[in-house]
$ cat structure04.cif   # mmCIF, C-alpha atoms
data_target
loop_
_atom_site.label_atom_id
_atom_site.label_comp_id
_atom_site.auth_asym_id
_atom_site.auth_seq_id
_atom_site.Cartn_x
_atom_site.Cartn_y
_atom_site.Cartn_z
CA MET A 677 28.85 10.85 -7.03
CA SER A 678 29.46 13.79 -4.68
CA PHE A 679 26.71 15.51 -2.69
CA ASP A 680 26.40 18.84 -0.91
CA TYR A 681 25.51 16.99 2.29
CA ASP A 682 25.56 13.50 3.74
CA LEU A 683 22.13 14.19 5.25
CA PHE A 684 19.41 16.74 4.61
CA VAL A 685 16.66 16.85 7.25
CA ILE A 686 13.28 18.43 6.47
CA GLY A 687 11.64 19.48 9.74
CA GLY A 688 13.06 21.10 12.88
CA GLY A 689 11.01 19.35 15.55
CA SER A 690 12.34 17.10 18.28
CA GLY A 691 12.92 14.09 16.00
CA GLY A 692 14.54 15.96 13.13
CA VAL A 693 16.78 18.07 15.36
CA ARG A 694 17.94 15.01 17.31
CA ALA A 695 18.78 13.07 14.15
CA ALA A 696 20.63 16.04 12.64
CA ARG A 697 22.57 16.77 15.82
CA VAL A 698 23.67 13.20 16.45
CA ALA A 699 24.55 12.51 12.81
CA ALA A 700 26.70 15.64 12.68
CA GLY A 701 28.10 15.62 16.21
CA ASP A 702 28.75 11.89 16.70
CA THR A 703 29.72 10.77 13.20
CA GLY A 704 31.09 13.94 11.59
CA ALA A 705 28.52 13.79 8.81
CA LYS A 706 27.86 16.96 6.86
CA VAL A 707 24.25 17.81 7.71
CA ALA A 708 21.71 20.48 6.81
CA LEU A 709 18.20 21.05 8.14
CA ALA A 710 15.29 23.11 6.78
CA GLU A 711 12.38 24.34 8.91
CA GLU A 712 9.66 26.60 7.52
CA ASP A 713 8.14 27.57 10.88
CA ARG A 714 9.71 27.51 14.36
CA TYR A 715 12.40 25.20 15.70
CA GLY A 716 11.21 22.78 18.35
CA GLY A 717 8.16 21.58 16.44
CA THR A 718 4.75 20.73 17.85
CA CYS A 719 5.99 19.62 21.26
CA VAL A 720 8.01 22.69 22.17
CA ILE A 721 6.08 25.40 20.35
CA ARG A 722 2.42 24.33 20.26
CA GLY A 723 2.09 21.09 22.18
CA CYS A 724 3.53 19.33 25.20
CA VAL A 725 5.54 22.16 26.73
CA PRO A 726 3.07 25.09 26.59
CA LYS A 727 0.22 22.70 27.38
CA LYS A 728 1.95 21.38 30.51
CA LEU A 729 2.67 24.94 31.66
CA MET A 730 -1.04 25.70 31.20
CA VAL A 731 -1.90 22.57 33.21
CA PHE A 732 0.30 23.85 36.02
CA ALA A 733 -1.36 27.27 35.85
CA SER A 734 -4.86 25.78 35.93
CA GLU A 735 -4.18 23.58 38.94
CA TYR A 736 -3.50 26.53 41.23
CA SER A 737 -7.19 27.41 41.31
CA GLY A 738 -7.94 24.51 43.65
CA MET A 739 -4.77 24.89 45.70
CA VAL A 740 -5.96 28.01 47.52
CA GLU A 741 -9.05 26.21 48.79
CA ASP A 742 -6.97 23.19 49.79
CA ALA A 743 -4.42 25.39 51.56
CA GLN A 744 -7.23 26.97 53.59
CA SER A 745 -8.28 23.46 54.66
CA TYR A 746 -4.74 22.91 55.91
CA GLY A 747 -4.84 26.08 58.02
CA TRP A 748 -3.32 28.63 55.68
CA ASP A 749 -4.86 32.10 55.63
CA ILE A 750 -4.77 32.50 51.87
CA LYS A 751 -7.31 34.42 49.82
CA PRO A 752 -8.14 33.53 46.19
CA GLY A 753 -7.31 36.03 43.47
CA ALA A 754 -7.97 36.29 39.73
CA PHE A 755 -5.96 34.60 36.99
CA ASN A 756 -4.08 37.10 34.81
CA TRP A 757 -3.99 35.61 31.30
CA ASP A 758 -1.84 38.41 29.84
CA ALA A 759 0.83 38.01 32.53
CA PHE A 760 0.92 34.25 32.08
CA LYS A 761 0.86 34.38 28.28
CA GLY A 762 3.78 36.83 28.15
CA LYS A 763 5.90 34.60 30.35
CA LEU A 764 4.80 31.49 28.41
CA HIS A 765 5.90 32.86 25.05
CA ALA A 766 9.17 34.13 26.50
CA GLU A 767 9.86 30.58 27.65
CA LEU A 768 9.01 29.14 24.22
CA ASP A 769 11.37 31.68 22.61
CA ARG A 770 14.10 30.57 25.03
CA LEU A 771 13.57 26.91 24.16
CA GLU A 772 13.56 27.62 20.43
CA GLY A 773 16.88 29.38 20.88
CA ILE A 774 18.27 26.27 22.57
CA TYR A 775 17.21 24.12 19.61
CA ARG A 776 18.85 26.51 17.16
CA ASN A 777 22.06 26.54 19.20
CA ILE A 778 22.14 22.74 19.42
CA LEU A 779 22.19 22.59 15.62
CA LYS A 780 24.73 25.39 15.28
CA ASN A 781 27.08 23.96 17.92
CA ASN A 782 27.10 20.60 16.15
CA GLY A 783 27.88 22.10 12.75
CA VAL A 784 24.44 21.61 11.21
CA GLU A 785 23.62 24.20 8.53
CA SER A 786 20.08 25.57 8.98
CA PHE A 787 17.68 26.97 6.42
CA ASP A 788 14.68 28.91 7.73
CA GLN A 789 12.39 28.04 4.85
CA ARG A 790 10.28 25.28 3.37
CA ALA A 791 12.00 22.45 1.53
CA VAL A 792 10.51 19.90 -0.88
CA VAL A 793 11.99 16.79 -2.44
CA VAL A 794 12.55 16.92 -6.22
CA ASP A 795 14.46 13.69 -6.74
CA PRO A 796 15.87 10.92 -4.50
CA HIS A 797 18.94 13.02 -3.64
CA THR A 798 17.78 16.63 -4.15
CA VAL A 799 15.70 19.09 -2.17
CA GLU A 800 14.52 22.49 -3.33
CA LEU A 801 14.20 25.37 -0.87
CA ALA A 802 11.49 28.01 -1.05
CA ASP A 803 13.93 30.52 -2.56
CA GLY A 804 14.57 28.14 -5.48
CA THR A 805 17.97 26.94 -4.26
CA ARG A 806 18.61 23.23 -4.75
CA LYS A 807 20.76 21.10 -2.45
CA THR A 808 21.86 17.51 -2.90
CA ALA A 809 22.26 14.91 -0.18
CA LYS A 810 23.18 11.24 0.05
CA HIS A 811 20.28 10.73 2.47
CA ILE A 812 17.08 12.73 3.01
CA LEU A 813 15.15 12.49 6.27
CA VAL A 814 11.56 13.77 6.42
CA ALA A 815 10.50 14.77 9.94
CA THR A 816 7.70 17.25 9.27
CA GLY A 817 5.32 16.10 12.03
CA GLY A 818 1.55 16.50 12.03
CA TRP A 819 -1.10 19.20 12.05
CA PRO A 820 -4.55 19.44 13.69
CA THR A 821 -7.52 19.11 11.36
CA ILE A 822 -11.10 20.38 11.52
CA PRO A 823 -13.79 18.47 9.63
CA GLU A 824 -15.77 20.51 7.10
CA PHE A 825 -19.35 21.44 8.03
CA PRO A 826 -21.38 24.67 7.97
CA GLY A 827 -19.45 27.22 10.03
CA SER A 828 -16.40 25.03 10.64
CA ASP A 829 -14.14 27.99 9.84
CA LEU A 830 -15.23 29.59 13.14
CA ALA A 831 -13.42 26.93 15.19
CA ILE A 832 -9.87 27.09 16.51
CA THR A 833 -7.47 24.22 17.25
CA SER A 834 -4.86 23.55 19.91
CA ASN A 835 -2.43 25.59 17.75
CA GLU A 836 -4.34 28.81 18.39
CA ILE A 837 -5.26 28.23 22.04
CA PHE A 838 -1.92 29.61 23.26
CA HIS A 839 -2.37 32.87 21.34
CA LEU A 840 -5.86 34.00 22.40
CA ASP A 841 -6.08 37.74 23.04
CA GLU A 842 -8.32 37.05 26.00
CA LEU A 843 -9.76 34.00 27.67
CA PRO A 844 -13.37 33.16 26.78
CA LYS A 845 -16.03 33.05 29.48
CA LYS A 846 -17.81 30.13 27.86
CA MET A 847 -16.08 27.56 25.66
CA LEU A 848 -16.96 24.42 23.72
CA ILE A 849 -14.31 21.76 23.15
CA VAL A 850 -15.10 19.09 20.55
CA GLY A 851 -13.31 15.75 20.77
CA GLY A 852 -12.67 12.93 23.20
CA GLY A 853 -8.96 12.21 22.80
CA TYR A 854 -6.23 13.27 25.18
CA ILE A 855 -5.79 16.75 23.66
CA ALA A 856 -9.50 17.59 23.99
CA CYS A 857 -9.69 16.22 27.53
CA GLU A 858 -6.49 17.93 28.65
CA PHE A 859 -7.67 21.32 27.44
CA ALA A 860 -11.11 20.81 28.94
CA GLY A 861 -9.38 20.43 32.31
CA ILE A 862 -7.04 23.35 31.70
CA MET A 863 -9.74 25.82 30.70
CA ASN A 864 -12.05 24.64 33.48
CA GLY A 865 -9.23 25.18 35.98
CA LEU A 866 -8.68 28.70 34.65
CA GLY A 867 -12.28 29.56 35.52
CA ILE A 868 -13.88 29.14 32.09
CA GLU A 869 -17.31 27.52 31.72
CA VAL A 870 -16.40 24.44 29.65
CA THR A 871 -18.70 22.22 27.59
CA GLN A 872 -17.24 19.18 25.85
CA TYR A 873 -18.84 17.21 23.01
CA TYR A 874 -17.63 13.78 21.97
CA ARG A 875 -19.38 11.63 19.41
CA GLY A 876 -18.23 8.34 21.03
CA ALA A 877 -19.64 6.46 24.00
CA GLN A 878 -16.70 7.31 26.30
CA ILE A 879 -13.70 9.65 26.18
CA LEU A 880 -10.08 8.50 25.71
CA ARG A 881 -10.83 5.66 23.31
CA GLY A 882 -8.11 3.02 23.26
CA PHE A 883 -7.17 3.42 26.91
CA ASP A 884 -8.22 1.09 29.73
CA ASP A 885 -12.02 1.27 30.20
CA GLU A 886 -11.97 1.49 33.98
CA ALA A 887 -9.27 4.16 33.98
CA ARG A 888 -10.93 6.36 31.35
CA GLY A 889 -14.27 5.90 33.09
CA LEU A 890 -12.83 7.36 36.29
CA VAL A 891 -11.22 10.27 34.41
CA SER A 892 -14.59 11.01 32.77
CA GLU A 893 -16.41 10.86 36.08
CA GLU A 894 -13.94 13.15 37.83
CA MET A 895 -13.96 15.65 34.95
CA CYS A 896 -17.72 15.94 35.34
CA GLN A 897 -17.34 16.28 39.14
CA ASN A 898 -14.87 19.12 38.51
CA GLY A 899 -17.53 21.04 36.59
CA ILE A 900 -16.95 20.13 32.93
CA ASP A 901 -20.27 19.75 31.09
CA LEU A 902 -19.45 16.57 29.15
CA HIS A 903 -21.86 15.34 26.47
CA LEU A 904 -21.09 11.88 25.06
CA GLY A 905 -22.61 10.61 21.82
CA THR A 906 -22.80 14.23 20.68
CA ASN A 907 -21.40 16.08 17.68
CA VAL A 908 -21.75 19.52 16.09
CA LEU A 909 -24.19 19.94 13.20
CA GLU A 910 -23.47 23.56 12.32
CA MET A 911 -22.06 26.80 13.69
CA SER A 912 -22.79 30.42 12.90
CA LYS A 913 -21.56 33.80 14.09
CA GLU A 914 -23.90 35.72 16.37
CA GLY A 915 -22.40 39.01 17.49
CA ASP A 916 -19.14 38.23 19.27
CA GLN A 917 -20.27 34.68 19.98
CA ILE A 918 -20.71 31.41 18.08
CA ARG A 919 -24.07 29.66 17.92
CA VAL A 920 -23.65 25.89 17.91
CA LYS A 921 -26.33 23.37 16.96
CA ALA A 922 -25.61 19.85 18.21
CA THR A 923 -26.85 16.39 17.28
CA ASN A 924 -28.42 15.97 20.73
CA GLY A 925 -30.81 18.86 20.01
CA ASP A 926 -28.93 21.44 22.08
CA GLU A 927 -28.37 24.92 20.70
CA ASN A 928 -25.99 27.17 22.64
CA LEU A 929 -23.81 30.26 22.37
CA PHE A 930 -20.08 30.06 23.07
CA ASP A 931 -17.26 32.60 23.04
CA GLN A 932 -14.83 30.07 21.53
CA VAL A 933 -15.09 26.61 19.97
CA MET A 934 -11.97 24.46 19.90
CA TYR A 935 -11.75 21.31 17.79
CA ALA A 936 -9.44 18.49 18.86
CA THR A 937 -10.77 15.67 16.71
CA GLY A 938 -7.61 14.50 15.00
CA ARG A 939 -4.27 15.32 13.46
CA ASN A 940 -2.95 14.47 10.00
CA PRO A 941 0.66 13.94 8.92
CA ASN A 942 2.38 16.95 7.32
CA SER A 943 3.23 15.29 4.01
CA THR A 944 1.21 17.38 1.52
CA GLY A 945 3.17 19.07 -1.23
CA LEU A 946 6.57 17.64 -0.31
CA GLY A 947 6.94 15.98 -3.72
CA LEU A 948 7.14 12.49 -2.25
CA GLU A 949 4.44 10.65 -4.18
CA ALA A 950 5.90 11.69 -7.53
CA LEU A 951 9.11 9.92 -6.53
CA GLY A 952 7.35 6.71 -5.57
CA VAL A 953 7.21 7.24 -1.81
CA GLU A 954 4.04 5.53 -0.60
CA LEU A 955 1.58 7.55 1.49
CA GLY A 956 -1.25 6.09 3.56
CA ARG A 957 -4.89 7.11 3.77
CA LYS A 958 -4.22 10.02 6.15
CA GLY A 959 -1.08 11.05 4.26
CA GLU A 960 1.29 9.16 6.54
CA ILE A 961 4.62 8.21 4.99
CA LYS A 962 4.95 4.45 4.80
CA VAL A 963 8.28 3.20 6.16
CA ASP A 964 9.86 -0.13 7.08
CA GLN A 965 11.20 -1.16 10.49
CA TYR A 966 14.27 1.05 9.91
CA SER A 967 12.20 4.14 8.97
CA GLN A 968 13.16 3.74 5.30
CA THR A 969 10.65 4.55 2.55
CA GLY A 970 10.30 2.71 -0.77
CA VAL A 971 12.91 5.13 -2.15
CA PRO A 972 16.16 3.87 -0.53
CA SER A 973 17.73 7.31 0.03
CA ILE A 974 14.62 8.77 1.71
CA TYR A 975 13.69 8.08 5.33
CA ALA A 976 10.95 9.44 7.60
CA ILE A 977 10.46 9.59 11.37
CA GLY A 978 8.00 11.01 13.89
CA ASP A 979 4.35 11.96 13.51
CA VAL A 980 4.58 12.21 9.71
CA THR A 981 4.80 8.38 9.73
CA ASP A 982 1.79 8.07 12.09
CA ARG A 983 3.26 5.15 14.02
CA VAL A 984 3.31 6.20 17.67
CA ASN A 985 2.79 9.96 17.78
CA LEU A 986 4.77 10.93 20.86
CA THR A 987 7.78 13.23 21.12
CA PRO A 988 10.09 10.75 22.91
CA VAL A 989 9.23 8.17 20.24
CA ALA A 990 10.21 10.57 17.43
CA ILE A 991 13.52 11.16 19.22
CA ARG A 992 14.08 7.41 19.56
CA GLU A 993 13.28 6.94 15.87
CA GLY A 994 15.80 9.68 15.01
CA MET A 995 18.48 7.97 17.09
CA ALA A 996 17.72 4.59 15.50
CA PHE A 997 17.97 6.20 12.04
CA VAL A 998 21.45 7.53 12.80
CA GLU A 999 22.55 4.16 14.21
CA THR A 1000 21.30 2.43 11.07
CA VAL A 1001 22.48 4.82 8.37
CA PHE A 1002 25.57 6.53 9.81
CA LYS A 1003 26.94 4.06 12.36
CA GLY A 1004 26.42 0.86 10.40
CA ASN A 1005 24.36 -0.67 13.19
CA PRO A 1006 20.89 -1.52 11.83
CA THR A 1007 18.53 -0.51 14.63
CA SER A 1008 14.75 -0.66 14.66
CA PRO A 1009 13.00 1.76 17.02
CA ASP A 1010 11.30 -0.08 19.88
CA HIS A 1011 7.58 0.75 19.92
CA ASP A 1012 6.67 -1.86 22.52
CA LEU A 1013 5.58 -1.00 26.09
CA ILE A 1014 5.79 2.80 25.81
CA PRO A 1015 4.76 4.57 29.05
CA THR A 1016 2.33 7.42 28.42
CA ALA A 1017 0.89 10.23 30.52
CA ILE A 1018 -2.36 12.04 29.78
CA PHE A 1019 -2.41 15.37 31.60
CA THR A 1020 -6.11 15.40 32.25
CA GLN A 1021 -7.40 16.43 35.67
CA PRO A 1022 -7.14 13.87 37.21
CA GLU A 1023 -3.93 12.82 35.49
CA MET A 1024 -3.60 9.38 33.94
CA GLY A 1025 -0.51 7.23 33.39
CA THR A 1026 -0.48 3.99 31.44
CA VAL A 1027 1.93 1.38 30.15
CA GLY A 1028 1.26 -1.91 28.41
CA LEU A 1029 -2.09 -3.51 27.69
CA SER A 1030 -5.50 -2.37 28.87
CA GLU A 1031 -7.66 -4.95 30.64
CA GLU A 1032 -9.71 -5.35 27.47
CA GLU A 1033 -6.69 -5.83 25.18
CA ALA A 1034 -5.02 -8.29 27.55
CA ALA A 1035 -8.18 -10.37 28.04
CA GLU A 1036 -8.46 -10.81 24.26
CA GLN A 1037 -4.94 -12.29 24.16
CA GLU A 1038 -4.84 -14.60 27.18
CA PRO A 1039 -6.40 -15.32 30.59
CA VAL A 1040 -5.49 -12.53 33.04
CA GLU A 1041 -5.97 -11.48 36.63
CA VAL A 1042 -6.89 -7.89 37.43
CA TYR A 1043 -5.60 -6.20 40.57
CA ALA A 1044 -7.14 -2.81 41.25
CA THR A 1045 -7.92 -0.40 44.03
CA SER A 1046 -9.68 2.97 44.06
CA PHE A 1047 -9.59 5.28 47.05
CA LYS A 1048 -9.54 8.88 48.27
CA PRO A 1049 -5.91 10.00 48.59
CA MET A 1050 -4.86 11.40 51.96
CA GLN A 1051 -3.98 14.93 50.82
CA GLN A 1052 -7.24 15.57 48.98
CA SER A 1053 -9.38 13.71 51.52
CA PHE A 1054 -8.06 15.84 54.40
CA ALA A 1055 -8.98 18.95 52.38
CA GLY A 1056 -12.55 17.67 52.08
CA ARG A 1057 -12.38 16.65 48.43
CA SER A 1058 -14.21 13.56 47.19
CA ALA A 1059 -11.79 12.89 44.30
CA ARG A 1060 -10.75 9.27 43.90
CA VAL A 1061 -7.63 7.69 42.43
CA LEU A 1062 -7.08 4.32 40.73
CA MET A 1063 -4.14 1.89 40.81
CA LYS A 1064 -4.47 -1.09 38.48
CA LEU A 1065 -2.32 -4.00 37.34
CA ILE A 1066 -3.15 -6.51 34.58
CA VAL A 1067 -1.34 -9.81 35.20
CA SER A 1068 -0.89 -12.86 32.95
CA LYS A 1069 -2.21 -16.01 34.65
CA ALA A 1070 0.31 -18.15 32.76
CA THR A 1071 3.56 -16.18 33.19
CA ARG A 1072 2.57 -13.87 36.12
CA LYS A 1073 4.07 -10.99 34.13
CA VAL A 1074 2.51 -7.56 34.61
CA LEU A 1075 1.07 -6.88 31.16
CA GLY A 1076 -0.34 -3.46 31.94
CA CYS A 1077 -0.26 -0.79 34.63
CA HIS A 1078 -2.82 2.02 34.78
CA ILE A 1079 -2.84 4.91 37.25
CA VAL A 1080 -5.37 7.73 37.62
CA ALA A 1081 -4.06 10.12 40.27
CA PRO A 1082 -2.24 13.39 40.83
CA GLY A 1083 1.31 12.84 39.57
CA ALA A 1084 0.34 9.73 37.59
CA GLY A 1085 2.78 10.68 34.83
CA GLU A 1086 5.70 10.68 37.28
CA MET A 1087 4.63 7.32 38.71
CA ILE A 1088 4.12 5.58 35.36
CA GLN A 1089 7.64 6.51 34.21
CA LEU A 1090 9.06 4.43 37.07
CA ALA A 1091 6.47 1.65 36.84
CA GLY A 1092 7.22 1.53 33.11
CA ILE A 1093 10.80 0.41 33.84
CA ALA A 1094 9.52 -2.61 35.78
CA VAL A 1095 6.94 -3.53 33.14
CA LYS A 1096 9.51 -3.13 30.34
CA MET A 1097 11.88 -5.45 32.22
CA GLY A 1098 9.19 -8.11 32.41
CA ALA A 1099 8.48 -7.86 36.13
CA THR A 1100 5.97 -10.34 37.56
CA LYS A 1101 3.25 -9.67 40.08
CA GLU A 1102 5.45 -11.40 42.65
CA ASP A 1103 8.29 -8.94 41.85
CA PHE A 1104 5.88 -6.13 42.69
CA ASP A 1105 4.80 -7.98 45.86
CA ARG A 1106 8.41 -8.40 47.02
CA THR A 1107 8.99 -4.65 46.78
CA VAL A 1108 8.59 -2.88 50.12
CA ALA A 1109 5.93 -0.17 50.11
CA VAL A 1110 6.86 3.50 50.51
CA HIS A 1111 4.44 4.74 53.16
CA PRO A 1112 2.41 6.92 53.19
CA THR A 1113 2.12 7.35 49.43
CA MET A 1114 -0.57 6.70 46.84
CA SER A 1115 1.75 4.55 44.74
CA GLU A 1116 2.40 2.06 47.57
CA GLU A 1117 -0.91 0.48 46.54
CA LEU A 1118 0.87 -0.85 43.43
CA VAL A 1119 2.87 -3.25 45.64
CA THR A 1120 0.28 -4.05 48.33
CA MET A 1121 -2.61 -5.47 46.26
CA LYS A 1122 -2.69 -9.15 47.28
CA GLN A 1123 -5.95 -10.47 45.83
CA PRO A 1124 -7.22 -10.04 42.30
CA VAL A 1125 -10.55 -8.23 42.00
CA ARG A 1126 -11.49 -10.36 38.99
CA SER A 1127 -10.23 -12.64 36.26
CA ALA A 1128 -10.74 -11.95 32.60
#
$ encode --input "structure04.cif" --output "structure tokens"
Amino acid sequence: MSFDYDLFVIGGGSGGVRAARVAAGDTGAKVALAEEDRYGGTCVIRGCVPKKLMVFASEYSGMVEDAQSYGWDIKPGAFNWDAFKGKLHAELDRLEGIYRNILKNNGVESFDQRAVVVDPHTVELADGTRKTAKHILVATGGWPTIPEFPGSDLAITSNEIFHLDELPKKMLIVGGGYIACEFAGIMNGLGIEVTQYYRGAQILRGFDDEARGLVSEEMCQNGIDLHLGTNVLEMSKEGDQIRVKATNGDENLFDQVMYATGRNPNSTGLGLEALGVELGRKGEIKVDQYSQTGVPSIYAIGDVTDRVNLTPVAIREGMAFVETVFKGNPTSPDHDLIPTAIFTQPEMGTVGLSEEEAAEQEPVEVYATSFKPMQQSFAGRSARVLMKLIVSKATRKVLGCHIVAPGAGEMIQLAGIAVKMGATKEDFDRTVAVHPTMSEELVTMKQPVRSA
């Protein structure tokens, strides 16, 4: 049987574009890709990239004060949202153009419209055109969700935060995951009065308790009004503001309310279930270790599978898919020991097991130190950082590394190599310290602070 394409990709985010490019460019496969929104997906258009640029922008507010402490005659000014936003969106347009050119230069045919699956080898585009393909790859990502309650339609999500006409003076952020906490730090740094509600007992659930505890403490020290064990009951419009009633009895007015309480896979209406593709409770596409669904010709990668929802992971899954399907080399994406950065303020980097997870598996030793870093201490700041290693008593392997500090994301990338290689505590000890740095503490901790 002949097909229009060897591969049809639905979704133009990082995972889908990588799979399409490599399949076409490396193997000569005939490939098409459909994207109904913008190329680059969540990460480039409404996630990692614009968020990190906003983190950078927000951090300058404290730099003026620090520079004065170091002898610089610098005067603080006001943040110009319009100037920043214009430059931000110009950069996103530039990056989207790069993604489009990557596809074009590798011979991938692009369709700027929605595509749905109508049978195991056929997709239908929004204009009614049907295309056949030997393999179909779904890489449609995820989308933020807002729970339904009275007035929930008044809330925005992280999608809309980059498009605000003006910055609010007073803002409520609901949620305790990394997106909520990152934007609480961003908006606080931009001079907005930020309140954060989280229904749980501590923010950043799933991360190391000691590390997330320090992040929480420092966020409060930085001026974020964090309320734990708190949720929204109802919201209503009052003039230009939003009145919010909370479960803790508080009732306040805010200029904006942003919800960051979860994301769901983008699998609705793609026609998958009718073909026998299994979806999970949240709508995630169920796949095997090779990203293959129950329908042999249909595969799925990235956030729509709800495995590990990180851009570099989606890219790895796309590469593994091409190796498996087009290069005859069955390859399962490696989801073990993935380094992660949370761009809160302070920043957090983590790889491997938390102290709690490790202690449930085997006896461990915990090496940790918390201190005021030289640069901030000299400027009169009380901010503290944390360096922490979780070590197996039996094998001496470093099972987890957790850093809360400026530049933690940069540090954890390098520490992640050692942990991935199976480095022991003694391997860390044999490494000469780089002095004076914060990260030298990772190789100078001689005595465990506790066993677990």
$ residues_around --input "structure04.cif" --residues "stretch 820-822 of chain A" --least-positions-apart "3" --cutoff "9 Å" --atoms "all atoms listed in the file" --output "PyMOL selection string"
chain A and resi 828-829+831-835+935-941
$ resolve_selection --input "structure04.cif" --expression "the PyMOL selection byres ((chain A and resi 885) around 8)" --output "number ranges by chain"
A: 883-884, 886-889, 1030-1032
$ resolve_selection --input "structure04.cif" --expression "the PyMOL selection byres ((chain A and resi 1101) around 12)" --output "PyMOL selection string"
chain A and resi 1040-1043+1064-1077+1094-1095+1098-1100+1102-1107+1118-1124
$ resolve_selection --input "structure04.cif" --expression "the PyMOL selection byres ((chain A and resi 873) around 7)" --output "list in words"
Ile849, Val850, Gly851, Thr871, Gln872, Tyr874, Arg875, Leu902, His903, Leu904, Thr906 and Asn907 of chain A
$ residues_around --input "structure04.cif" --residues "stretch 801-812 of chain A" --least-positions-apart "3" --cutoff "9 Å" --atoms "all atoms listed in the file" --output "list in words"
Ser678, Phe679, Asp680, Tyr681, Asp682, Leu683, Phe684, Val685, Ile686, Val707, Ala708, Ala710, Glu712, Phe787, Gln789, Arg790, Ala791, Val792, Val793, Val794, Pro796, His797, Thr798, Pro972, Ser973, Ile974, Tyr975, Ala976 and Val1001 of chain A
$ write_last_selection --input "structure04.cif" --atoms "C-alpha atoms" --output "tab-separated table (two decimals), keeping the file's coordinate frame"
chain	number	residue	atom	x	y	z
A	678	SER	CA	29.46	13.79	-4.68
A	679	PHE	CA	26.71	15.51	-2.69
A	680	ASP	CA	26.40	18.84	-0.91
A	681	TYR	CA	25.51	16.99	2.29
A	682	ASP	CA	25.56	13.50	3.74
A	683	LEU	CA	22.13	14.19	5.25
A	684	PHE	CA	19.41	16.74	4.61
A	685	VAL	CA	16.66	16.85	7.25
A	686	ILE	CA	13.28	18.43	6.47
A	707	VAL	CA	24.25	17.81	7.71
A	708	ALA	CA	21.71	20.48	6.81
A	710	ALA	CA	15.29	23.11	6.78
A	712	GLU	CA	9.66	26.60	7.52
A	787	PHE	CA	17.68	26.97	6.42
A	789	GLN	CA	12.39	28.04	4.85
A	790	ARG	CA	10.28	25.28	3.37
A	791	ALA	CA	12.00	22.45	1.53
A	792	VAL	CA	10.51	19.90	-0.88
A	793	VAL	CA	11.99	16.79	-2.44
A	794	VAL	CA	12.55	16.92	-6.22
A	796	PRO	CA	15.87	10.92	-4.50
A	797	HIS	CA	18.94	13.02	-3.64
A	798	THR	CA	17.78	16.63	-4.15
A	972	PRO	CA	16.16	3.87	-0.53
A	973	SER	CA	17.73	7.31	0.03
A	974	ILE	CA	14.62	8.77	1.71
A	975	TYR	CA	13.69	8.08	5.33
A	976	ALA	CA	10.95	9.44	7.60
A	1001	VAL	CA	22.48	4.82	8.37
